[in-house]
$ cat start_25.cif   # mmCIF, C-alpha atoms
data_entry
loop_
_atom_site.label_atom_id
_atom_site.label_comp_id
_atom_site.auth_asym_id
_atom_site.auth_seq_id
_atom_site.Cartn_x
_atom_site.Cartn_y
_atom_site.Cartn_z
CA MET A 1 -7.06 16.61 31.67
CA ARG A 2 -9.61 15.89 34.34
CA SER A 3 -12.23 14.69 31.87
CA LEU A 4 -9.84 13.65 29.09
CA LEU A 5 -8.54 10.65 30.98
CA SER A 6 -11.81 9.42 32.32
CA LEU A 7 -12.14 5.68 32.37
CA LYS A 8 -14.94 5.82 29.83
CA ARG A 9 -12.91 7.75 27.26
CA VAL A 10 -9.83 5.59 27.77
CA GLY A 11 -11.94 2.48 27.40
CA TRP A 12 -13.50 3.64 24.14
CA GLY A 13 -10.05 4.66 22.93
CA VAL A 14 -8.65 1.19 23.57
CA ILE A 15 -11.62 -0.44 21.83
CA LEU A 16 -11.21 1.88 18.85
CA ILE A 17 -7.49 1.12 18.56
CA LEU A 18 -8.10 -2.63 18.82
CA PHE A 19 -10.83 -2.48 16.18
CA ILE A 20 -8.70 -0.52 13.77
CA SER A 21 -5.67 -2.75 14.30
CA LEU A 22 -7.81 -5.81 13.53
CA VAL A 23 -9.44 -4.52 10.38
CA GLY A 24 -6.81 -2.13 9.15
CA CYS A 25 -3.95 -3.56 7.24
CA SER A 26 -2.14 -3.20 4.02
CA ASP A 27 -4.35 -4.25 1.15
CA GLU A 28 -1.57 -5.97 -0.83
CA GLY A 29 0.64 -8.95 -0.27
CA ASP A 30 -0.76 -12.20 -1.54
CA LEU A 31 0.61 -14.79 0.85
CA SER A 32 0.57 -17.59 -1.69
CA GLN A 33 2.22 -16.75 -5.00
CA ALA A 34 1.08 -19.24 -7.68
CA ARG A 35 3.41 -20.12 -10.58
CA THR A 36 2.89 -18.06 -13.72
CA VAL A 37 1.70 -20.05 -16.75
CA CYS A 38 1.45 -19.84 -20.51
CA LYS A 39 -2.17 -20.16 -21.60
CA VAL A 40 -2.70 -22.10 -24.83
CA SER A 41 -6.17 -22.03 -26.42
CA PHE A 42 -7.49 -24.24 -29.20
CA TYR A 43 -9.39 -22.95 -32.25
CA HIS A 44 -11.02 -24.24 -35.42
CA LYS A 45 -8.85 -23.35 -38.39
CA THR A 46 -11.80 -22.52 -40.68
CA SER A 47 -14.31 -20.83 -38.36
CA GLN A 48 -11.62 -19.23 -36.16
CA ARG A 49 -13.82 -20.06 -33.16
CA LEU A 50 -12.77 -21.52 -29.84
CA ASP A 51 -12.71 -25.29 -30.06
CA THR A 52 -13.14 -27.96 -27.38
CA LEU A 53 -10.83 -30.87 -28.14
CA SER A 54 -11.82 -34.27 -26.82
CA THR A 55 -9.30 -36.82 -25.48
CA LEU A 56 -6.35 -34.43 -25.50
CA THR A 57 -3.13 -35.34 -23.67
CA VAL A 58 -0.45 -32.73 -22.93
CA LYS A 59 2.93 -33.82 -21.53
CA ALA A 60 6.21 -32.12 -20.71
CA ILE A 61 9.22 -32.98 -22.89
CA GLY A 62 12.26 -33.30 -20.66
CA ALA A 63 10.28 -33.83 -17.47
CA ASP A 64 7.84 -36.39 -16.09
CA SER A 65 4.88 -34.06 -15.76
CA VAL A 66 1.52 -34.65 -17.49
CA PHE A 67 -0.66 -31.56 -17.61
CA LEU A 68 -3.72 -33.10 -19.29
CA GLN A 69 -4.54 -36.82 -19.66
CA ASN A 70 -7.20 -37.83 -22.22
CA LYS A 71 -9.51 -35.01 -21.25
CA SER A 72 -11.67 -32.51 -23.11
CA ALA A 73 -10.31 -28.99 -23.07
CA SER A 74 -10.60 -25.69 -24.92
CA SER A 75 -7.40 -24.37 -23.34
CA VAL A 76 -4.53 -25.51 -21.15
CA SER A 77 -2.20 -23.57 -18.81
CA LEU A 78 1.43 -24.67 -19.16
CA PRO A 79 4.39 -23.80 -16.88
CA LEU A 80 7.57 -22.72 -18.69
CA LYS A 81 11.12 -23.43 -17.54
CA TYR A 82 12.84 -21.14 -15.03
CA VAL A 83 16.26 -22.06 -16.45
CA GLY A 84 16.70 -21.95 -20.21
CA ASP A 85 15.11 -20.07 -23.10
CA SER A 86 12.99 -22.83 -24.64
CA THR A 87 10.30 -25.22 -23.35
CA GLN A 88 8.72 -28.08 -25.27
CA PHE A 89 5.40 -29.89 -24.83
CA GLN A 90 3.82 -32.89 -26.55
CA LEU A 91 0.17 -32.55 -27.62
CA THR A 92 -1.65 -35.74 -28.57
CA LEU A 93 -5.22 -36.31 -29.76
CA ALA A 94 -6.41 -39.88 -29.25
CA GLY A 95 -5.37 -42.13 -32.12
CA GLN A 96 -3.28 -39.47 -33.84
CA THR A 97 0.43 -38.72 -34.19
CA PRO A 98 1.70 -36.47 -31.35
CA ASP A 99 2.71 -32.88 -32.12
CA THR A 100 5.60 -31.02 -30.48
CA LEU A 101 4.96 -27.46 -29.36
CA THR A 102 8.15 -25.39 -28.89
CA ILE A 103 7.97 -22.08 -27.03
CA LYS A 104 10.97 -19.74 -26.92
CA HIS A 105 11.05 -17.21 -24.10
CA LYS A 106 13.03 -14.70 -22.06
CA ASN A 107 12.83 -15.14 -18.28
CA THR A 108 12.76 -12.36 -15.69
CA PRO A 109 12.43 -13.22 -11.98
CA HIS A 110 10.37 -10.77 -9.90
CA PHE A 111 10.30 -10.29 -6.16
CA ILE A 112 6.71 -9.97 -4.90
CA SER A 113 7.12 -9.65 -1.11
CA MET A 114 8.84 -11.32 1.84
CA ASP A 115 5.67 -13.32 2.47
CA ALA A 116 4.71 -14.15 -1.11
CA GLY A 117 8.23 -14.76 -2.43
CA TYR A 118 9.06 -14.61 -6.13
CA ALA A 119 7.38 -15.06 -9.51
CA MET A 120 8.94 -15.69 -12.91
CA TYR A 121 7.74 -13.41 -15.67
CA TYR A 122 8.27 -14.28 -19.31
CA GLU A 123 8.40 -12.59 -22.69
CA LEU A 124 7.57 -15.08 -25.45
CA THR A 125 9.81 -14.58 -28.47
CA ALA A 126 8.69 -17.36 -30.82
CA VAL A 127 6.36 -20.36 -30.97
CA THR A 128 6.55 -23.29 -33.42
CA ALA A 129 4.83 -26.65 -33.70
CA THR A 130 4.92 -29.80 -35.81
CA ARG A 131 1.92 -30.18 -38.14
CA HIS A 132 0.73 -33.77 -37.72
CA SER A 133 -2.65 -32.77 -36.21
CA ILE A 134 -2.09 -29.04 -35.80
CA SER A 135 -3.05 -26.80 -38.74
CA ASP A 136 -1.55 -23.52 -37.59
CA ILE A 137 -0.19 -21.70 -34.56
CA LEU A 138 -0.25 -18.04 -33.51
CA LEU A 139 1.65 -16.10 -30.83
CA TYR A 140 -1.31 -14.04 -29.57
CA SER A 141 0.17 -12.27 -26.51
CA SER A 142 3.84 -12.44 -25.62
CA THR A 143 3.65 -11.31 -21.95
CA ILE A 144 3.36 -13.78 -19.08
CA ASN A 145 3.00 -12.42 -15.56
CA THR A 146 0.73 -12.89 -12.56
CA TYR A 147 -2.33 -11.84 -14.58
CA GLU A 148 -3.19 -14.91 -16.66
CA GLN A 149 -4.15 -14.17 -20.25
CA GLU A 150 -4.32 -16.05 -23.55
CA ASN A 151 -0.82 -16.34 -25.03
CA ILE A 152 -0.90 -18.91 -27.84
CA ARG A 153 -3.63 -20.02 -30.24
CA VAL A 154 -3.34 -23.52 -31.73
CA TYR A 155 -5.56 -24.19 -34.76
CA TYR A 156 -6.97 -27.61 -35.62
CA PRO A 157 -8.95 -28.63 -38.71
CA GLU A 158 -12.75 -29.05 -38.38
CA MET B 159 -56.40 40.70 -10.64
CA ASN B 160 -53.97 37.79 -10.52
CA LYS B 161 -51.05 40.17 -10.67
CA LYS B 162 -52.40 42.07 -7.66
CA ILE B 163 -52.87 38.89 -5.64
CA PHE B 164 -49.36 37.74 -6.56
CA ALA B 165 -47.88 41.09 -5.55
CA PHE B 166 -49.83 41.00 -2.24
CA ILE B 167 -48.47 37.49 -1.49
CA ILE B 168 -44.92 38.55 -2.23
CA LEU B 169 -45.11 41.71 -0.15
CA SER B 170 -46.75 39.99 2.82
CA SER B 171 -44.15 37.19 2.67
CA LEU B 172 -41.37 39.73 2.79
CA LEU B 173 -43.00 41.49 5.73
CA PHE B 174 -43.44 38.16 7.56
CA LEU B 175 -39.94 36.82 6.92
CA SER B 176 -37.99 39.98 7.68
CA PRO B 177 -38.42 39.76 11.51
CA LEU B 178 -37.34 36.08 11.44
CA SER B 179 -34.39 36.93 9.28
CA ALA B 180 -33.47 39.72 11.64
CA GLN B 181 -33.61 37.32 14.62
CA MET B 182 -31.40 34.77 12.85
CA ASN B 183 -28.91 37.44 11.90
CA THR B 184 -28.88 38.63 15.52
CA ALA B 185 -28.13 35.10 16.82
CA SER B 186 -25.41 34.55 14.22
CA ASP B 187 -23.82 37.92 14.99
CA LYS B 188 -23.89 37.15 18.70
CA GLY B 189 -22.23 33.78 18.12
CA LYS B 190 -19.57 35.40 16.00
CA ARG B 191 -18.94 38.02 18.70
CA VAL B 192 -18.54 35.31 21.37
CA VAL B 193 -16.02 33.40 19.26
CA LYS B 194 -14.17 36.59 18.33
CA GLU B 195 -13.96 37.69 21.98
CA LEU B 196 -12.73 34.24 22.92
CA LEU B 197 -10.13 34.15 20.16
CA ASP B 198 -8.99 37.67 20.96
CA THR B 199 -8.03 36.45 24.43
CA ILE B 200 -5.86 33.63 22.98
CA PRO B 201 -2.55 34.83 21.58
CA LEU B 202 -1.54 33.79 18.08
CA PHE B 203 1.63 32.06 19.31
CA ASN B 204 1.32 29.71 22.30
CA GLY B 205 4.50 27.70 22.29
CA ILE B 206 6.78 25.30 20.46
CA TYR B 207 6.81 21.59 21.15
CA ILE B 208 9.63 19.19 20.43
CA GLY B 209 9.15 15.46 20.60
CA VAL B 210 10.75 12.11 19.83
CA ASP B 211 8.93 9.03 18.58
CA ALA B 212 9.64 6.07 20.83
CA VAL B 213 7.82 3.34 18.86
CA GLU B 214 10.75 2.07 16.81
CA MET B 215 13.17 2.43 19.73
CA VAL B 216 10.91 0.27 21.88
CA GLY B 217 10.22 -2.12 19.01
CA LYS B 218 13.91 -2.78 18.40
CA ALA B 219 14.48 -3.36 22.12
CA LEU B 220 11.72 -5.97 22.00
CA GLY B 221 13.45 -7.83 19.17
CA GLY B 222 11.87 -6.24 16.13
CA ASN B 223 13.56 -5.98 12.76
CA THR B 224 13.26 -2.22 12.45
CA LYS B 225 15.07 0.54 14.33
CA GLY B 226 14.96 4.26 13.95
CA SER B 227 14.50 7.66 15.44
CA GLU B 228 12.15 10.53 14.73
CA LEU B 229 12.09 14.16 15.78
CA GLN B 230 8.85 16.18 15.79
CA LEU B 231 8.44 19.92 15.98
CA ASP B 232 5.09 21.69 16.17
CA VAL B 233 3.87 25.18 16.98
CA ASN B 234 0.73 26.11 18.88
CA LEU B 235 -1.22 28.78 16.97
CA ARG B 236 -4.32 30.18 18.67
CA ASN B 237 -4.51 27.00 20.73
CA ARG B 238 -6.20 25.50 17.70
CA PHE B 239 -3.78 24.92 14.81
CA PHE B 240 -0.51 23.05 15.19
CA PRO B 241 1.70 23.14 12.09
CA VAL B 242 4.13 20.27 12.41
CA VAL B 243 7.32 18.94 10.86
CA GLU B 244 8.60 15.40 11.45
CA VAL B 245 12.05 14.18 10.43
CA GLY B 246 13.31 10.66 10.94
CA HIS B 247 15.72 7.93 9.99
CA SER B 248 14.86 4.24 9.89
CA SER B 249 16.46 0.95 8.92
CA THR B 250 15.33 -2.64 8.72
CA ASP B 251 17.04 -6.02 8.47
CA SER B 252 14.82 -9.04 7.95
CA GLU B 253 15.05 -12.55 6.56
CA SER B 254 12.22 -14.70 5.24
CA ASP B 255 11.82 -18.40 6.05
CA GLY B 256 13.10 -19.23 2.56
CA GLY B 257 16.33 -17.29 3.04
CA THR B 258 15.58 -13.96 1.35
CA HIS B 259 17.55 -11.23 3.12
CA TYR B 260 16.12 -7.70 2.92
CA THR B 261 17.78 -4.59 4.30
CA ALA B 262 16.79 -0.95 3.89
CA ASP B 263 18.16 2.29 5.30
CA GLY B 264 17.03 5.85 4.75
CA SER B 265 15.45 9.06 5.92
CA TYR B 266 11.97 10.53 5.72
CA PHE B 267 10.29 13.88 6.15
CA ARG B 268 6.67 14.79 6.94
CA ILE B 269 4.97 18.16 6.99
CA GLY B 270 1.41 18.90 7.95
CA MET B 271 -1.03 20.26 10.48
CA ASN B 272 -2.81 19.05 13.59
CA TYR B 273 -6.15 20.52 14.62
CA LYS B 274 -7.07 20.58 18.29
CA VAL B 275 -10.54 19.28 19.04
CA LYS B 276 -12.31 21.52 21.57
CA PHE B 277 -9.81 24.33 21.08
CA ARG B 278 -11.62 26.54 23.62
CA ASN B 279 -10.18 24.30 26.33
CA ARG B 280 -6.86 25.84 27.37
CA ASP B 281 -5.43 22.54 28.69
CA GLU B 282 -2.27 21.18 27.10
CA SER B 283 -3.93 17.77 27.05
CA HIS B 284 -6.15 17.39 24.02
CA LEU B 285 -7.44 15.23 21.23
CA PHE B 286 -6.45 16.17 17.72
CA VAL B 287 -6.88 15.25 14.11
CA GLY B 288 -4.25 15.91 11.49
CA ALA B 289 -2.87 15.36 8.03
CA ARG B 290 0.62 14.99 6.58
CA TYR B 291 2.45 14.92 3.30
CA ALA B 292 5.50 12.62 3.54
CA PHE B 293 8.57 11.81 1.49
CA SER B 294 11.29 9.20 1.95
CA SER B 295 14.63 8.58 0.28
CA PHE B 296 16.44 5.31 0.98
CA LYS B 297 18.53 2.42 -0.31
CA TYR B 298 17.70 -1.25 -0.11
CA ASN B 299 19.28 -4.64 -0.71
CA LEU B 300 17.48 -7.86 -1.57
CA VAL B 301 19.48 -11.08 -1.74
CA SER B 302 18.09 -14.55 -2.21
CA SER B 303 20.54 -16.97 -0.65
CA ALA B 304 21.80 -19.92 -2.69
CA MET B 305 22.67 -23.29 -1.21
CA THR B 306 25.73 -25.20 -2.34
CA ASP B 307 25.66 -29.00 -2.66
CA PRO B 308 28.86 -30.14 -0.93
CA LEU B 309 28.52 -33.68 -2.31
CA TRP B 310 27.47 -33.28 -5.92
CA GLY B 311 28.43 -29.65 -6.44
CA GLY B 312 26.32 -26.91 -7.91
CA THR B 313 24.18 -24.29 -6.22
CA LEU B 314 20.46 -24.06 -5.65
CA ASN B 315 18.34 -21.06 -4.80
CA PRO B 316 15.37 -22.51 -2.93
CA ASN B 317 13.37 -19.31 -3.38
CA ILE B 318 13.30 -19.58 -7.19
CA SER B 319 13.58 -23.29 -7.69
CA ASP B 320 11.83 -25.00 -10.60
CA ASP B 321 10.11 -28.07 -9.16
CA ILE B 322 8.85 -29.18 -12.60
CA TRP B 323 11.80 -28.75 -14.94
CA GLY B 324 14.62 -28.55 -12.35
CA GLY B 325 17.25 -25.90 -11.76
CA SER B 326 17.11 -22.62 -9.86
CA VAL B 327 17.76 -18.93 -10.50
CA PRO B 328 19.86 -16.58 -8.37
CA PHE B 329 18.44 -13.20 -7.35
CA SER B 330 20.30 -10.22 -5.96
CA ILE B 331 19.57 -6.49 -5.86
CA LYS B 332 22.16 -4.32 -4.10
CA ASP B 333 22.30 -0.63 -3.17
CA GLN B 334 19.07 0.13 -5.01
CA LYS B 335 18.12 3.81 -4.55
CA CYS B 336 14.47 4.53 -4.04
CA THR B 337 12.03 7.33 -3.18
CA ALA B 338 8.45 7.26 -1.95
CA HIS B 339 5.66 9.82 -1.45
CA TRP B 340 2.54 9.38 0.61
CA ALA B 341 -0.17 11.13 2.66
CA GLU B 342 -1.37 10.46 6.20
CA LEU B 343 -4.60 11.06 8.10
CA ILE B 344 -4.14 11.13 11.85
CA LEU B 345 -6.16 10.76 15.01
CA GLY B 346 -4.18 11.45 18.16
CA ILE B 347 -4.04 12.44 21.77
CA ARG B 348 -1.56 14.52 23.72
CA VAL B 349 -1.52 14.31 27.50
CA GLN B 350 0.31 16.60 29.91
CA ILE B 351 2.24 14.47 32.39
CA TRP B 352 4.10 17.02 34.48
CA LYS B 353 4.60 20.75 33.81
CA ASP B 354 6.02 21.03 30.27
CA PHE B 355 6.43 17.28 29.72
CA MET B 356 3.84 15.44 27.68
CA MET B 357 3.17 12.12 26.01
CA GLY B 358 1.42 11.65 22.71
CA TRP B 359 -0.15 8.77 20.80
CA SER B 360 -1.44 8.77 17.28
CA LEU B 361 -3.10 6.36 14.90
CA ARG B 362 -2.26 6.97 11.25
CA TYR B 363 -3.83 5.88 7.98
CA LYS B 364 -1.22 6.11 5.23
CA ARG B 365 -1.91 6.20 1.51
CA ARG B 366 1.01 5.82 -0.87
CA PHE B 367 1.21 8.07 -3.96
CA ALA B 368 4.32 6.69 -5.64
CA VAL B 369 7.40 4.56 -5.02
CA SER B 370 10.37 4.12 -7.33
CA GLY B 371 12.96 1.38 -7.16
CA ASN B 372 13.84 -1.70 -9.16
CA LYS B 373 10.90 -2.96 -11.25
CA GLN B 374 11.95 -6.57 -10.70
CA ALA B 375 12.12 -6.09 -6.95
CA PRO B 376 10.07 -3.27 -5.40
CA PRO B 377 11.06 -2.38 -1.82
CA ASP B 378 9.47 -4.47 0.91
CA TYR B 379 9.75 -1.79 3.61
CA VAL B 380 9.72 2.01 3.25
CA PRO B 381 11.24 4.12 6.09
CA GLY B 382 8.55 6.24 7.71
CA TYR B 383 5.76 4.39 5.89
CA GLY B 384 6.11 0.73 6.78
CA SER B 385 5.40 -2.34 4.67
CA ASN B 386 5.16 -1.34 1.03
CA GLY B 387 1.50 -1.56 0.12
CA SER B 388 -0.86 0.94 -1.48
CA SER B 389 -2.14 1.77 2.01
CA THR B 390 -1.30 0.86 5.56
CA PHE B 391 -1.89 1.77 9.18
CA GLY B 392 0.69 2.90 11.67
CA GLY B 393 1.05 4.60 14.99
CA THR B 394 3.37 6.75 17.03
CA TYR B 395 4.15 7.11 20.68
CA SER B 396 5.96 10.34 21.46
CA LEU B 397 7.70 11.98 24.37
CA ILE B 398 7.15 15.72 24.09
CA TYR B 399 8.58 18.80 25.73
CA LYS B 400 7.22 22.32 25.46
CA LEU B 401 10.07 24.74 24.94
CA PRO B 402 10.17 27.61 27.50
CA PHE B 403 8.96 30.50 25.34
CA LYS B 404 6.71 32.97 27.10
CA SER B 405 3.70 34.11 25.08
CA LYS B 406 2.12 37.48 25.63
CA LYS B 407 -1.28 37.15 27.23
CA LYS B 408 -3.87 39.83 26.70
#

$ encode --input "start_25.cif" --output "structure tokens"
Amino acid sequence: MRSLLSLKRVGWGVILILFISLVGCSDEGDLSQARTVCKVSFYHKTSQRLDTLSTLTVKAIGADSVFLQNKSASSVSLPLKYVGDSTQFQLTLAGQTPDTLTIKHKNTPHFISMDAGYAMYYELTAVTATRHSISDILLYSSTINTYEQENIRVYYPE
Amino acid sequence: MNKKIFAFIILSSLLFLSPLSAQMNTASDKGKRVVKELLDTIPLFNGIYIGVDAVEMVGKALGGNTKGSELQLDVNLRNRFFPVVEVGHSSTDSESDGGTHYTADGSYFRIGMNYKVKFRNRDESHLFVGARYAFSSFKYNLVSSAMTDPLWGGTLNPNISDDIWGGSVPFSIKDQKCTAHWAELILGIRVQIWKDFMMGWSLRYKRRFAVSGNKQAPPDYVPGYGSNGSSTFGGTYSLIYKLPFKSKKK
């Protein structure tokens, strides 16, 4: 005990504990939980390749939100409703008749942590669209969670 | 001719190395004898220690969300190895700024070994390193409070409120049973205060193996482990008493 509690050893012990308490912490717990989204990508119908659409506008139907306004885009991330099993969007290419995209889904709220709060996960059950400008539509991946991935492919003519 | 030279080299090497080898063996044997003589003077059994962890008791008194109690029992073998068992009970009651109320209550168990650094020193005070396997079984509740509009009616859960499309979703998990397994690496110190009374501190790195529970709402706090992440740090502060068993001294 005579050497164990020397000032030097106690001092180094305190420094070690302070260092570890500063750098050591749980490696999970995102403090800011972003809203989960449905990723819609655009493809050429013939070549089946990713397409960049010019002057695309995407609006919510039933809400005032505009997600894309006359911009070029090869994909768009769209938030689905928390309440209800269907969400609709309007897709418009400049000078063309707007199309309505209807996504049917099952909603499951998830608790992340006391700091990060909650996230809504979805299981897409069906996707339909009008065919004014759109050639075809495909439900590519039905799962929506915190790891963003391509969910829907919308095909346009060349 | 080459074969003769090769044989000469081999034989002379063996003759040269054998004295060195003999000296090394002599030093190693001497070292082993010293350690053996030292260990022979230390009995196998050197006492039983019982302790209580005061961290959560102090934390609750200071206004923390968690309270609990832990009992520790370890045995001194050869003044070097300290097998240890720790049993505890812990509960927590916390509320987030958004109104999520989380409560958990359960027990935990740890088993492992501490190793005394500088075991040749007969003092009760010592530094040690250790490892544990731990298990916890508990229940938890998670309720997201809803607000009621007294003027227009309806309820709103601000924690899961849709700011784009409108509306909100209630969330409630009650009496969810859960288990967790993890391992701990420990660095600690035990200091003799007066006769058979000691204090101990330890710093612990915890690595979770598995946790069950509701998939929609994993537990936020695990008794004995802490905040539910894949790894975390923790510490203990213990009050320890050496039970009055007399060991036979050679």

$ resolve_selection --input "start_25.cif" --expression "the PyMOL selection byres ((chain A and resi 53-60) around 10)" --output "PDB file with C-alpha atoms, in the coordinates of the input"
ATOM      1  CA  PHE A  42      -7.490 -24.240 -29.200  1.00  0.00           C
ATOM      2  CA  TYR A  43      -9.390 -22.950 -32.250  1.00  0.00           C
ATOM      3  CA  HIS A  44     -11.020 -24.240 -35.420  1.00  0.00           C
ATOM      4  CA  LEU A  50     -12.770 -21.520 -29.840  1.00  0.00           C
ATOM      5  CA  ASP A  51     -12.710 -25.290 -30.060  1.00  0.00           C
ATOM      6  CA  THR A  52     -13.140 -27.960 -27.380  1.00  0.00           C
ATOM      7  CA  ILE A  61       9.220 -32.980 -22.890  1.00  0.00           C
ATOM      8  CA  GLY A  62      12.260 -33.300 -20.660  1.00  0.00           C
ATOM      9  CA  ALA A  63      10.280 -33.830 -17.470  1.00  0.00           C
ATOM     10  CA  ASP A  64       7.840 -36.390 -16.090  1.00  0.00           C
ATOM     11  CA  SER A  65       4.880 -34.060 -15.760  1.00  0.00           C
ATOM     12  CA  VAL A  66       1.520 -34.650 -17.490  1.00  0.00           C
ATOM     13  CA  PHE A  67      -0.660 -31.560 -17.610  1.00  0.00           C
ATOM     14  CA  LEU A  68      -3.720 -33.100 -19.290  1.00  0.00           C
ATOM     15  CA  GLN A  69      -4.540 -36.820 -19.660  1.00  0.00           C
ATOM     16  CA  ASN A  70      -7.200 -37.830 -22.220  1.00  0.00           C
ATOM     17  CA  LYS A  71      -9.510 -35.010 -21.250  1.00  0.00           C
ATOM     18  CA  SER A  72     -11.670 -32.510 -23.110  1.00  0.00           C
ATOM     19  CA  ALA A  73     -10.310 -28.990 -23.070  1.00  0.00           C
ATOM     20  CA  SER A  74     -10.600 -25.690 -24.920  1.00  0.00           C
ATOM     21  CA  SER A  75      -7.400 -24.370 -23.340  1.00  0.00           C
ATOM     22  CA  VAL A  76      -4.530 -25.510 -21.150  1.00  0.00           C
ATOM     23  CA  LEU A  78       1.430 -24.670 -19.160  1.00  0.00           C
ATOM     24  CA  PRO A  79       4.390 -23.800 -16.880  1.00  0.00           C
ATOM     25  CA  LEU A  80       7.570 -22.720 -18.690  1.00  0.00           C
ATOM     26  CA  THR A  87      10.300 -25.220 -23.350  1.00  0.00           C
ATOM     27  CA  GLN A  88       8.720 -28.080 -25.270  1.00  0.00           C
ATOM     28  CA  PHE A  89       5.400 -29.890 -24.830  1.00  0.00           C
ATOM     29  CA  GLN A  90       3.820 -32.890 -26.550  1.00  0.00           C
ATOM     30  CA  LEU A  91       0.170 -32.550 -27.620  1.00  0.00           C
ATOM     31  CA  THR A  92      -1.650 -35.740 -28.570  1.00  0.00           C
ATOM     32  CA  LEU A  93      -5.220 -36.310 -29.760  1.00  0.00           C
ATOM     33  CA  ALA A  94      -6.410 -39.880 -29.250  1.00  0.00           C
ATOM     34  CA  GLY A  95      -5.370 -42.130 -32.120  1.00  0.00           C
ATOM     35  CA  PRO A  98       1.700 -36.470 -31.350  1.00  0.00           C
ATOM     36  CA  ASP A  99       2.710 -32.880 -32.120  1.00  0.00           C
ATOM     37  CA  THR A 100       5.600 -31.020 -30.480  1.00  0.00           C
ATOM     38  CA  LEU A 101       4.960 -27.460 -29.360  1.00  0.00           C
ATOM     39  CA  TYR A 156      -6.970 -27.610 -35.620  1.00  0.00           C
TER      40      TYR A 156
ATOM     41  CA  ILE B 322       8.850 -29.180 -12.600  1.00  0.00           C
ATOM     42  CA  TRP B 323      11.800 -28.750 -14.940  1.00  0.00           C
TER      43      TRP B 323
END

$ closest_residue --input "start_25.cif" --among "B:Ala368, B:Ile200, B:Leu229, B:Ile347" --to "Tyr399 (chain B)" --atoms "all atoms listed in the file"
B:Leu229

$ resolve_selection --input "start_25.cif" --expression "the PyMOL selection byres ((chain B) within 9 of (chain A))" --output "PyMOL selection string"
chain B and resi 252-256+258-260+281-285+300+317-320+322-329+349-350+361+363+373-378+385-392

$ resolve_selection --input "start_25.cif" --expression "the PyMOL selection byres ((chain B and resi 345) around 10)" --output "ChimeraX atom specification"
/B:272-273,285-289,343-344,346-347,359-363,393

$ write_last_selection --input "start_25.cif" --atoms "C-alpha atoms" --output "PDB file, keeping the file's coordinate frame"
ATOM      1  CA  ASN B 272      -2.810  19.050  13.590  1.00  0.00           C
ATOM      2  CA  TYR B 273      -6.150  20.520  14.620  1.00  0.00           C
ATOM      3  CA  LEU B 285      -7.440  15.230  21.230  1.00  0.00           C
ATOM      4  CA  PHE B 286      -6.450  16.170  17.720  1.00  0.00           C
ATOM      5  CA  VAL B 287      -6.880  15.250  14.110  1.00  0.00           C
ATOM      6  CA  GLY B 288      -4.250  15.910  11.490  1.00  0.00           C
ATOM      7  CA  ALA B 289      -2.870  15.360   8.030  1.00  0.00           C
ATOM      8  CA  LEU B 343      -4.600  11.060   8.100  1.00  0.00           C
ATOM      9  CA  ILE B 344      -4.140  11.130  11.850  1.00  0.00           C
ATOM     10  CA  GLY B 346      -4.180  11.450  18.160  1.00  0.00           C
ATOM     11  CA  ILE B 347      -4.040  12.440  21.770  1.00  0.00           C
ATOM     12  CA  TRP B 359      -0.150   8.770  20.800  1.00  0.00           C
ATOM     13  CA  SER B 360      -1.440   8.770  17.280  1.00  0.00           C
ATOM     14  CA  LEU B 361      -3.100   6.360  14.900  1.00  0.00           C
ATOM     15  CA  ARG B 362      -2.260   6.970  11.250  1.00  0.00           C
ATOM     16  CA  TYR B 363      -3.830   5.880   7.980  1.00  0.00           C
ATOM     17  CA  GLY B 393       1.050   4.600  14.990  1.00  0.00           C
TER      18      GLY B 393
END

$ atom_distance --input "start_25.cif" --atom1 "CA of Ala34 (chain A)" --atom2 "CA of Glu123 (chain A)"
18.0 Å

$ atom_distance --input "start_25.cif" --atom1 "CA of Glu148 (chain A)" --atom2 "CA of Lys45 (chain A)"
24.0 Å

$ atom_distance --input "start_25.cif" --atom1 "CA of Asp354 (chain B)" --atom2 "CA of Leu235 (chain B)"
17.0 Å

$ closest_residue --input "start_25.cif" --among "A:Leu139, A:Ile144, A:Glu158, A:Leu124" --to "Ser41 (chain A)" --atoms "all atoms listed in the file"
A:Leu139

$ closest_residue --input "start_25.cif" --among "B:Val210, B:Gly246, B:Arg348, B:Phe403" --to "Val275 (chain B)" --atoms "all atoms listed in the file"
B:Arg348

$ closest_residue --input "start_25.cif" --among "B:Pro381, B:Gly209, B:Pro201, B:Gly222" --to "Arg236 (chain B)" --atoms "all atoms listed in the file"
B:Pro201

$ residues_near_point --input "start_25.cif" --point "(16.3, 2.9, -1.0)" --cutoff "8 Å" --atoms "only C-alpha atoms" --output "list in words"
Ala262, Asp263, Gly264, Ser295, Phe296, Lys297, Tyr298, Asp333, Gln334, Lys335, Cys336, Thr337, Gly371, Pro377 and Val380 of chain B

$ closest_residue --input "start_25.cif" --among "B:Asn223, B:Thr199, B:Ser396, B:Ser248" --to "Arg280 (chain B)" --atoms "all atoms listed in the file"
B:Thr199

$ closest_residue --input "start_25.cif" --among "B:Leu397, B:Ala338, B:Ala304, B:Val233" --to "Gly382 (chain B)" --atoms "all atoms listed in the file"
B:Ala338

$ residues_around --input "start_25.cif" --residues "Asp232 (chain B)" --least-positions-apart "4" --cutoff "10 Å" --atoms "only C-alpha atoms" --output "list in words"
Gly205, Ile206, Tyr207, Ile208, Gly209, Phe239, Phe240, Pro241, Val242, Val243, Glu244, Ile269, Gly270, Met271, Asn272 and Lys400 of chain B
